Every structure is written in structure tokens, then in C-alpha cells.
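J.: So here's data-v8.cif (mmCIF, C-alpha atoms).
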```
data_start
#
loop_
_atom_site.label_atom_id
_atom_site.label_comp_id
_atom_site.auth_asym_id
_atom_site.auth_seq_id
_atom_site.Cartn_x
_atom_site.Cartn_y
_atom_site.Cartn_z
CA MET A 18 122.85 63.02 82.87
CA LYS A 19 123.59 63.26 86.60
CA GLN A 20 121.62 66.03 88.27
CA GLN A 21 123.42 68.55 90.47
CA ASN A 22 122.84 68.13 94.20
CA PRO A 23 120.43 70.97 95.08
CA ARG A 24 122.46 71.75 98.21
CA ASP A 25 125.52 72.38 96.04
CA GLU A 26 123.42 74.62 93.84
CA LEU A 27 122.22 76.44 96.95
CA VAL A 28 125.79 77.25 97.95
CA GLU A 29 126.44 78.76 94.51
CA HIS A 30 123.65 81.29 95.09
CA LEU A 31 124.89 82.46 98.51
CA PRO A 32 126.83 85.54 97.25
CA ALA A 33 123.75 86.77 95.35
CA LEU A 34 121.54 85.98 98.33
CA ARG A 35 123.79 88.04 100.57
CA ALA A 36 123.79 90.92 98.08
CA PHE A 37 120.00 90.84 98.13
CA ALA A 38 119.98 90.72 101.95
CA LEU A 39 122.34 93.69 102.15
CA SER A 40 120.26 95.69 99.68
CA LEU A 41 117.09 95.00 101.66
CA THR A 42 118.41 95.62 105.15
CA ARG A 43 121.25 98.09 104.41
CA ASN A 44 122.83 96.68 107.57
CA ARG A 45 125.55 94.01 107.64
CA ALA A 46 124.68 92.48 111.03
CA MET A 47 120.99 92.24 110.16
CA ALA A 48 121.74 90.89 106.67
CA ASP A 49 124.00 88.19 108.10
CA ASP A 50 121.41 87.15 110.69
CA MET A 51 118.87 86.86 107.89
CA MET A 52 121.34 84.90 105.79
CA GLN A 53 121.83 82.41 108.62
CA ASP A 54 118.08 81.92 109.05
CA THR A 55 117.56 81.56 105.31
CA LEU A 56 120.42 79.10 104.94
CA LEU A 57 119.06 76.97 107.80
CA LYS A 58 115.51 77.01 106.43
CA ALA A 59 116.55 76.29 102.86
CA TRP A 60 118.96 73.51 103.86
CA SER A 61 116.43 71.72 106.03
CA ASN A 62 113.61 72.16 103.48
CA ILE A 63 115.62 71.35 100.37
CA ASP A 64 113.24 68.46 99.57
CA LYS A 65 110.51 71.10 99.02
CA PHE A 66 112.51 72.69 96.21
CA THR A 67 111.49 71.44 92.77
CA PRO A 68 114.63 70.62 90.75
CA GLY A 69 114.81 72.46 87.47
CA THR A 70 112.97 75.51 88.82
CA ASN A 71 114.57 78.81 89.80
CA MET A 72 116.65 78.14 92.94
CA ARG A 73 117.66 81.80 93.25
CA ALA A 74 114.02 82.92 93.27
CA TRP A 75 113.21 80.25 95.87
CA LEU A 76 116.03 81.44 98.16
CA PHE A 77 115.19 85.12 97.68
CA THR A 78 111.58 84.37 98.62
CA ILE A 79 112.61 82.69 101.89
CA LEU A 80 114.93 85.57 102.75
CA ARG A 81 112.37 88.19 101.83
CA ASN A 82 109.62 86.55 103.93
CA ASN A 83 112.06 86.42 106.82
CA PHE A 84 112.89 90.12 106.37
CA TYR A 85 109.29 91.29 106.30
CA SER A 86 108.18 89.15 109.24
CA ASN A 87 111.07 90.54 111.29
CA HIS A 88 110.41 94.03 109.98
CA ARG A 89 106.77 93.82 111.02
CA LYS A 90 107.81 92.64 114.47
CA HIS A 91 110.35 95.34 115.11
CA ARG A 92 109.35 98.22 112.83
CA ARG A 93 112.81 99.62 113.17
CA GLU A 94 114.27 99.51 109.72
CA VAL A 95 115.28 103.17 109.68
CA ALA A 96 116.91 103.00 113.11
CA ASP A 97 118.91 99.95 112.08
CA VAL A 98 120.27 101.32 108.84
CA ASP A 99 124.05 101.62 108.77
CA SER A 100 124.16 102.93 105.20
CA ILE A 101 125.71 99.87 103.64
CA PHE A 102 125.73 101.68 100.31
CA ALA A 103 127.74 104.52 101.79
CA ASP A 104 130.60 102.19 102.76
CA GLY A 105 133.96 103.32 101.54
CA MET A 106 132.70 106.80 100.91
CA SER A 107 134.97 108.33 103.52
CA VAL A 108 137.73 108.01 100.93
CA LYS A 109 138.12 111.17 98.89
CA PRO A 110 136.56 110.54 95.50
CA GLU A 111 139.17 110.51 92.76
CA HIS A 112 136.97 111.32 89.80
CA ASP A 113 133.47 112.04 88.63
CA GLY A 114 132.60 108.39 87.99
CA ARG A 115 133.12 107.50 91.62
CA LEU A 116 131.30 110.61 92.77
CA GLN A 117 128.34 109.71 90.57
CA MET A 118 128.31 106.16 91.90
CA ARG A 119 128.27 107.58 95.42
CA ASP A 120 125.32 109.81 94.52
CA PHE A 121 123.57 106.84 92.96
CA LYS A 122 124.02 104.73 96.09
CA THR A 123 122.84 107.55 98.32
CA ALA A 124 119.73 108.02 96.16
CA PHE A 125 119.07 104.27 96.03
CA ASP A 126 119.37 104.19 99.82
CA GLN A 127 116.46 106.63 100.05
CA LEU A 128 113.97 104.40 98.22
CA PRO A 129 111.37 102.47 100.23
CA ALA A 130 112.24 98.79 100.79
CA GLU A 131 109.58 97.52 98.35
CA GLN A 132 110.94 99.71 95.55
CA ARG A 133 114.56 98.80 96.32
CA GLU A 134 113.79 95.10 96.15
CA ALA A 135 111.76 95.44 92.93
CA LEU A 136 114.61 97.32 91.26
CA MET A 137 117.25 94.94 92.59
CA LEU A 138 115.34 91.91 91.34
CA VAL A 139 114.46 93.26 87.90
CA GLY A 140 117.27 95.72 87.24
CA ALA A 141 120.23 93.91 88.79
CA SER A 142 119.47 90.22 89.39
CA GLY A 143 118.01 89.54 85.97
CA PHE A 144 114.59 88.42 87.22
CA SER A 145 111.70 88.76 84.80
CA TYR A 146 108.74 90.83 86.04
CA ASP A 147 106.82 87.57 86.56
CA GLU A 148 109.63 85.97 88.59
CA ALA A 149 110.02 89.11 90.69
CA ALA A 150 106.26 89.20 91.27
CA GLU A 151 106.27 85.57 92.40
CA THR A 152 109.21 86.20 94.71
CA CYS A 153 107.45 89.18 96.29
CA GLY A 154 104.05 87.51 96.36
CA VAL A 155 102.36 90.30 94.38
CA ALA A 156 100.87 90.78 90.90
CA THR A 157 103.17 91.39 87.94
CA GLY A 158 101.55 94.80 87.46
CA THR A 159 102.47 95.76 91.02
CA ILE A 160 106.14 94.96 90.37
CA LYS A 161 106.06 96.97 87.13
CA SER A 162 104.57 99.91 88.94
CA ARG A 163 107.13 99.66 91.78
CA VAL A 164 109.99 99.54 89.29
CA ASN A 165 108.57 102.54 87.42
CA ARG A 166 108.08 104.53 90.61
CA ALA A 167 111.59 103.64 91.79
CA ARG A 168 113.10 104.72 88.47
CA ALA A 169 111.09 107.95 88.51
CA ARG A 170 112.24 108.70 92.05
CA LEU A 171 115.89 108.01 91.17
CA THR A 172 115.53 110.19 88.07
CA GLU A 173 114.27 112.98 90.28
CA LEU A 174 116.87 112.53 93.03
CA LEU A 175 119.76 112.35 90.55
CA ASN A 176 118.44 115.02 88.17
CA LEU A 177 118.70 112.53 85.32
CA GLU A 178 116.35 114.55 83.14
CA ASP A 179 119.28 116.91 82.83
CA ASP A 180 121.30 115.48 79.90
CA GLY A 181 124.72 116.14 81.42
CA SER A 182 124.10 114.12 84.56
CA MET A 183 124.39 110.72 82.89
CA GLU A 184 127.97 111.21 81.76
CA LEU A 185 130.11 108.51 83.36
CA THR A 186 133.43 109.90 82.21
CA ASP A 187 135.49 112.22 84.35
CA GLU A 188 136.87 115.56 83.21
CA VAL A 189 140.47 114.35 82.73
CA THR A 190 139.37 111.51 80.47
CA MET A 191 137.08 113.86 78.57
CA SER A 192 139.91 116.31 77.96
CA VAL A 193 142.12 113.46 76.67
CA ILE A 194 139.34 112.33 74.32
CA THR A 195 138.75 115.88 73.12
CA ASN A 196 142.45 116.47 72.53
CA SER A 197 142.97 113.17 70.72
CA LYS A 198 140.03 114.08 68.43
CA GLY A 199 141.82 117.35 67.71
CA PHE A 200 145.03 115.52 66.76
CA SER A 201 143.32 113.07 64.46
CA SER A 202 141.49 115.70 62.43
CA MET B 7 85.16 117.20 58.73
CA ASN B 8 85.59 117.46 54.95
CA TRP B 9 89.35 117.87 54.46
CA LYS B 10 88.81 119.10 50.89
CA LEU B 11 87.39 122.29 52.35
CA VAL B 12 90.28 122.80 54.78
CA PRO B 13 92.77 125.36 53.46
CA ASP B 14 96.30 124.15 52.70
CA TRP B 15 97.97 126.53 55.18
CA TYR B 16 95.89 124.97 57.99
CA LYS B 17 96.75 121.42 56.89
CA LYS B 18 100.44 122.36 56.89
CA ARG B 19 100.18 123.85 60.35
CA CYS B 20 98.46 120.73 61.71
CA GLY B 21 101.02 118.51 60.03
CA ALA B 22 103.91 120.48 61.46
CA ALA B 23 102.40 120.37 64.94
CA LEU B 24 101.84 116.63 64.64
CA GLY B 25 105.39 116.09 63.40
CA HIS B 26 106.74 118.18 66.24
CA TYR B 27 104.66 116.19 68.75
CA GLU B 28 105.82 112.84 67.32
CA LYS B 29 109.42 114.00 67.42
CA MET B 30 109.04 115.13 71.03
CA THR B 31 107.43 111.81 72.04
CA SER B 32 110.17 109.85 70.31
CA ASN B 33 112.86 111.98 71.99
CA ASN B 34 111.16 111.47 75.34
CA ASN B 35 111.00 107.69 74.85
CA HIS B 36 114.64 107.66 73.86
CA LYS B 37 115.53 109.67 76.96
CA GLN B 38 113.48 107.37 79.23
CA ASP B 39 115.25 104.33 77.74
CA ARG B 40 118.62 105.96 78.36
CA ILE B 41 117.69 106.76 81.96
CA ALA B 42 116.44 103.20 82.57
CA HIS B 43 119.65 101.82 81.05
CA TYR B 44 121.78 104.14 83.19
CA ILE B 45 119.93 103.11 86.36
CA ASP B 46 120.15 99.39 85.58
CA GLU B 47 123.85 99.66 84.75
CA ASN B 48 124.56 101.33 88.08
CA LEU B 49 122.34 98.84 89.90
CA SER B 50 124.27 95.95 88.39
CA LYS B 51 127.52 97.53 89.59
CA VAL B 52 126.12 97.98 93.11
CA PHE B 53 124.78 94.39 93.15
CA SER B 54 128.05 93.01 91.86
CA GLU B 55 130.00 94.94 94.53
CA LEU B 56 127.71 93.47 97.20
CA GLU B 57 128.08 89.98 95.72
CA ASN B 58 131.85 90.29 95.94
CA ASP B 59 131.70 91.30 99.58
CA GLU B 60 133.54 88.66 101.60
CA MET B 61 131.26 85.97 103.01
CA PRO B 62 131.25 86.33 106.80
CA ASP B 63 132.74 83.57 108.96
CA GLN B 64 129.45 82.90 110.71
CA ILE B 65 127.87 81.82 107.39
CA LEU B 66 130.88 79.72 106.37
CA ASP B 67 130.91 78.08 109.81
CA LEU B 68 127.20 77.32 109.60
CA LEU B 69 127.72 75.82 106.15
CA SER B 70 130.47 73.55 107.51
CA VAL B 71 128.23 72.40 110.36
CA LEU B 72 125.34 71.66 107.97
CA ARG B 73 127.62 69.71 105.63
CA ALA B 74 129.12 67.74 108.53
CA GLN B 75 125.61 66.85 109.74
CA ASP B 76 124.72 65.64 106.24
CA GLU B 77 127.82 63.46 106.11
CA GLU B 78 127.02 62.05 109.53
CA ARG B 79 123.48 61.18 108.46
CA LYS B 80 124.75 59.56 105.28
CA ALA B 81 127.28 57.50 107.22
CA LYS B 82 124.60 56.32 109.65
CA LYS B 83 122.37 55.19 106.77
CA GLU B 84 125.20 53.19 105.24
#
```
Here is the file; what I need is its structure written in the form of C-alpha cells.

T.:
Amino acid sequence: MKQQNPRDELVEHLPALRAFALSLTRNRAMADDMMQDTLLKAWSNIDKFTPGTNMRAWLFTILRNNFYSNHRKHRREVADVDSIFADGMSVKPEHDGRLQMRDFKTAFDQLPAEQREALMLVGASGFSYDEAAETCGVATGTIKSRVNRARARLTELLNLEDDGSMELTDEVTMSVITNSKGFSS
Amino acid sequence: MNWKLVPDWYKKRCGAALGHYEKMTSNNNHKQDRIAHYIDENLSKVFSELENDEMPDQILDLLSVLRAQDEERKAKKE
């Protein structure tokens, strides 16, 4: 069987890589600069990638190292934030679902970078705890603890302990469901 | 402790308390699972939105340059 050219595989991961960059930096310009650096590094070092291993994890590791070395140099993450997660929020929310998503993004935005990345890797990108730990260069236990702390913080910020706060359905839809139940009985 | 000597009313009280505790723990675990699921579901939506964000021209341009360089190298080798 002919093996896929690793550079073609690399291109397939670019949208996910950019999503990870945006979630780390929360700033489009900074994320795109990091993407360029990562793309250049990965392309020129493609022979160092072991075929058959996790290309996405390899790319995320390069991008992450780039982010933290820049972050250490400049120490200006907060000043550079342009609230990427708040984009599109100037539009009046049409229903509860959108409002809740906005609240979720705002809460997520408040997490420290190390907790955001741990949650993004494990909760959204489908990385196992071990893969996430390898990507971040820490122990698996550290990733588990970061994920737990991030979830606990989000639970607190979003009042998720309160049963009603996890409803994703808006009032109009709820009233339709309630009424239709009334008709069927 | 010799349980034969423990009066029935006390055993019942302990049993009820234990049952109540187990029920509470199970409810708590269920709630924690629901919260984790809710968070992950929202995270996936956020990640997917970011993934669908249009790739900026500067990245696409860089990709074209890198591919052209590869082609050039290949052609030179041949």
C-alpha cells in the first residue's frame, strides 16, 4: 500500500492546528504568526516525523513550544488578547442556546493558558490524557489535574451545579415541546 | 463490635444513613458526569467553529511557496 506523503497529511491538520493556536493565543494576528512559524518548522523538519505516529500531536507540540517561548519572551498574553471567543457577540442573541454559548466562551476565556490547552486537547481534540501529556511535556497526572481544575472552574463560573443551567433549549422550543406533550396525552 | 448485641433500631438507622450516603454519592457522580459532558460538548462546538474559520491568505501563500520550492527541488534532482 502506498503511504501518504507526510506533507499532504500535514496540510490536512492545518485547520485543527489553527483552532488550537486561536484557543491558546485568543488573538488572530498572534495565532497566524505562530501558524506560519509552525508550518515552516514542520515543513522543513518533516523527515523528523515518524510515519504512522500522531501527526496532529507532533504539530501541536511544535506550535505549543513556539507559543510558550514567545510568551516567556514577551510576557504580554493578557495585553494581546482580543477575545477571539467573543467574536460575533455584538449581534443580539436570538435565543438561550446562543446566550449560553456566549457565556461558555467568556468563561473559557478566563481560564489560564495551561488549563485551556489541557481542556482543548482532551475535551475537544480527542487526545488521550497520555497524548496530551506528551504534547505538553508534562506527566499524565498533571494533565488530569489541569483538566479537573479547568472543569471545576468552568462549573463555578457558569453555575453548573445549578440543575437548570445546563438546559440547551430556549424558552420558545420548550413551550412547543410542553404544548405538544399536552396534545398527545 | 459484636453486631448481635446492637439493637435493631440502631442497625436500621445506620443502614438508612449508609443508603442515603450512597445515593448522594451516586447522584453527585451522575451530576459530575453530566457537567463534564456538557463542558466537552460546548468545547467541541467552540473548537469546530475555530476549525471552520477561514484560513488566512498569509498561510495559504506560504503553503504555495513551500510547495513550489519542493517542486523545484524535485525537478533539479531529476

J.: If the PyMOL selection byres ((chain A) within 6 of (chain B)) is run on the structure shown, which residues does it catch, given as a PyMOL selection string?

T.: chain A and resi 32-33+36+140-141

J.: Suppose we keep C-alpha atoms; can you now write the selection as an mmCIF file, in the coordinates of the input?

T.:
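Output file selection.cif is given in full below:
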```cif
data_model
loop_
_atom_site.group_PDB
_atom_site.id
_atom_site.type_symbol
_atom_site.label_atom_id
_atom_site.label_comp_id
_atom_site.auth_asym_id
_atom_site.auth_seq_id
_atom_site.Cartn_x
_atom_site.Cartn_y
_atom_site.Cartn_z
ATOM 1 C CA PRO A 32 126.830 85.540 97.250
ATOM 2 C CA ALA A 33 123.750 86.770 95.350
ATOM 3 C CA ALA A 36 123.790 90.920 98.080
ATOM 4 C CA GLY A 140 117.270 95.720 87.240
ATOM 5 C CA ALA A 141 120.230 93.910 88.790
#
```

J.: Please evaluate the PyMOL selection byres ((chain A and resi 156-164) around 8) against the displayed coordinates and give the resulting residues as a list in words.

T.: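 What the PyMOL selection byres ((chain A and resi 156-164) around 8) grabs from the file is Glu131, Gln132, Ala135, Leu136, Val139, Tyr146, Asp147, Ala149, Ala150, Glu151, Gly154, Val155, Asn165, Arg166, Ala167 and Arg168 of chain A.
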
J.: Go ahead and write the selection's residues with C-alpha atoms as a compact mmCIF listing (two decimals), keeping the file's coordinate frame.

T.:
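Result file follows (result_34.txt):
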```txt
# COMPACT_ATOMS: atom_id res chain seq x y z
CA GLU A 131 109.58 97.52 98.35
CA GLN A 132 110.94 99.71 95.55
CA ALA A 135 111.76 95.44 92.93
CA LEU A 136 114.61 97.32 91.26
CA VAL A 139 114.46 93.26 87.90
CA TYR A 146 108.74 90.83 86.04
CA ASP A 147 106.82 87.57 86.56
CA ALA A 149 110.02 89.11 90.69
CA ALA A 150 106.26 89.20 91.27
CA GLU A 151 106.27 85.57 92.40
CA GLY A 154 104.05 87.51 96.36
CA VAL A 155 102.36 90.30 94.38
CA ASN A 165 108.57 102.54 87.42
CA ARG A 166 108.08 104.53 90.61
CA ALA A 167 111.59 103.64 91.79
CA ARG A 168 113.10 104.72 88.47
```

J.: Quick one, how far is atom CA of Leu171 of chain A from atom CA of His88 of chain A?

T.: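 These two atoms are separated by 24.1 Å.
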
J.: For atom CA of Lys82 of chain B and atom CA of Leu56 of chain A, determine how far apart the two atoms are, in Å to one decimal place.

T.: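 Computing the Euclidean distance for atom CA of Lys82 of chain B and atom CA of Leu56 of chain A yields 23.6 Å.
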
J.: So how many Å separate atom CA of Leu39 of chain A and atom CA of Leu138 of chain A, to one decimal?

T.: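 Separating atom CA of Leu39 of chain A from atom CA of Leu138 of chain A is a distance of 13.0 Å.
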
J.: Given the point (116.0, 73.5, 103.0) in the coordinates of this file, which residues lie within 12 Å, counting all atoms listed in the file, and how would they look as a short mmCIF file (atom, residue, chain, number, x, y, z; two decimals) with C-alpha atoms, keeping the file's coordinate frame?

T.:
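The resulting part.cif:
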```
data_model
loop_
_atom_site.label_atom_id
_atom_site.label_comp_id
_atom_site.auth_asym_id
_atom_site.auth_seq_id
_atom_site.Cartn_x
_atom_site.Cartn_y
_atom_site.Cartn_z
CA PRO A 23 120.43 70.97 95.08
CA ARG A 24 122.46 71.75 98.21
CA ASP A 25 125.52 72.38 96.04
CA GLU A 26 123.42 74.62 93.84
CA LEU A 27 122.22 76.44 96.95
CA VAL A 28 125.79 77.25 97.95
CA ASP A 54 118.08 81.92 109.05
CA THR A 55 117.56 81.56 105.31
CA LEU A 56 120.42 79.10 104.94
CA LEU A 57 119.06 76.97 107.80
CA LYS A 58 115.51 77.01 106.43
CA ALA A 59 116.55 76.29 102.86
CA TRP A 60 118.96 73.51 103.86
CA SER A 61 116.43 71.72 106.03
CA ASN A 62 113.61 72.16 103.48
CA ILE A 63 115.62 71.35 100.37
CA ASP A 64 113.24 68.46 99.57
CA LYS A 65 110.51 71.10 99.02
CA PHE A 66 112.51 72.69 96.21
CA THR A 67 111.49 71.44 92.77
CA MET A 72 116.65 78.14 92.94
CA TRP A 75 113.21 80.25 95.87
CA LEU A 76 116.03 81.44 98.16
CA ILE A 79 112.61 82.69 101.89
CA LEU B 72 125.34 71.66 107.97
#
```

J.: For each of A:Leu175, A:Ala46, A:Ala74, A:Ala38, take the minimum atom-to-atom distance to Gly143 of chain A, counting only C-alpha atoms, then give the residue where this is smallest.

T.: A:Ala74
